[in-house]
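Q: Mind looking over this structure? Questions follow.
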Amino acid sequence: MDSPAPHPESGTIVLVGLMGAGKSCIGQRLATRLGLPFTDADDEIEKAAGCAILDIFELYGETAFRDGEKRVIARLLDGPAQVLATGGGAFMNPETRALIASHAVSVWLRADLELLLNRTARRADRPLLTKGDRRETMERLMAERHPVYGAADIVVDSANESPDVTVERVLAALVARETAPETA
Ligand code: S3P
């Protein structure tokens, strides 16, 4: 049975989590369920730069990418309510994190190492995973980022299951948060 949908007027929902956690896939479906537009921050960064993320990293370096990422997410958060999928590194920036906290509800899509490795094996357009040992890189990113992703408003496990099941879990968590009594 479908869970009741949270009221769309609750505002923007930002999905955070590692590469391969399913932010774009779950985000699109969540947006449809909530009747909200969906935006992928990585797509917007590519549009603004006029080239692919792989090329931004190669031509201008990661620092330039992170600058652009911060600007694009700030602009998107200033816009109308939407479901926003962010790149895996976005939430690591303290300014971006603060903006998300003040403008949106954040959802960490948490997934285990094997799932992340399986899912990211299908694409070769992620600069952080093109060099070195993918497993080692992902383990390091998990160790660095999971404690920070833990600051998200909601944590939902993304497992090897139909995306619709994960979406239901996100919706249920959003409803639970909206109906929970305020704590001081
Ligand atoms: C990155 C994740 C990517 C993209 C860029 C850097 C990261 O997005 O923003 O390659 O630092 O984890 P996805 O998480 O959507 O793959």
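Just remember, in the structure tokens the first chain shown is A, the second B, etc., residues are 1-based per chain, and ligands are 1-based in the order shown.
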Going by DSSP on the backbone, which residues of segment 16-181 of chain A come out as alpha helix (DSSP H)? List them as a PyMOL selection string.
A: chain A and resi 23-34+41-49+53-60+62-77+94-103+113-120+134-149+163-179
Q: Kindly compile the residues surrounding ligand 1 within 8 Å, counting only C-alpha atoms and all ligand atoms, and format them as a ChimeraX atom specification.
A: /A:16-21,23-24,41-42,53-54,69,85-90,120,125-128,141
Q: Between atom CA of Ser158 of chain A and atom CA of Gly22 of chain A, measure the distance and give it in Å to one decimal.
A: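 These two atoms are separated by 7.3 Å.
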Q: When DSSP is applied to the backbone of this structure, which of chain A are assigned strand (DSSP E or B)? Write them out as a PyMOL selection string.
A: chain A and resi 12-16+38-40+83-85+104-110+154-157
Q: Neighbours of Leu113 of chain A within 12 Å (only C-alpha atoms; same-chain residues fewer than 3 positions away dropped), as a list in words?
A: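 Listing them by chain and then by number gives Leu18, Met19, Gly20, Ala21, Arg110, Leu116, Leu117, Asn118, Arg119, Thr120, Arg134, Arg135, Glu136, Thr137, Met138, Glu139, Arg140, Leu141, Met142, Ala143, His146, Ser158, Ala159 and Asn160 of chain A.
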Q: Would you mind listing what lies within 6 Å of Phe38 of chain A as a list in words, with only C-alpha atoms counted and same-chain residues fewer than 6 positions away left out?
A: Gln28, Ala31, Gln82 and Val83 of chain A
Q: So that I can see what lies close to Ala48 of chain A, please list as a list in words the residues with an atom at most 12 Å from it, counting only C-alpha atoms and leaving out residues fewer than 4 positions away in the same chain.
A: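 Selected residues are Ala41, Asp42, Asp43, Glu44, Ala52, Ile53, Ile56, Phe65, Gly68, Glu69, Arg71, Val72, Ile73 and Arg75 of chain A.
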Q: So, counting only C-alpha atoms, which residue among A:Val175, A:Ala98, A:Cys51, A:Cys25 is closest to Lys70 of chain A?
A: A:Ala98
Q: Could you check which of A:Gly132, A:Ile26, A:Val14, A:Glu114 is closest to Ala74 of chain A, using only C-alpha atoms?
A: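 For Ala74 of chain A, the nearest of the given residues is A:Val14.
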Q: Using only C-alpha atoms, which of the listed residues (A:Asp67, A:Lys131, A:Leu109, A:Thr39) sits closest to Ala173 of chain A?
A: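 The answer is A:Leu109, which sits nearest to Ala173 of chain A.
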Q: When you draw a straight line from atom CA of Gly27 of chain A to atom CA of Glu144 of chain A, how long is it in Å?
A: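 Between atom CA of Gly27 of chain A and atom CA of Glu144 of chain A the gap works out to 23.7 Å.
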Q: Choose the residue, out of A:Ala81, A:Leu115, A:Leu76, A:Glu58, that has the smallest atom-to-atom separation from Leu99 of chain A; count only C-alpha atoms.
A: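 Result for the nearest residue to Leu99 of chain A: A:Leu76.
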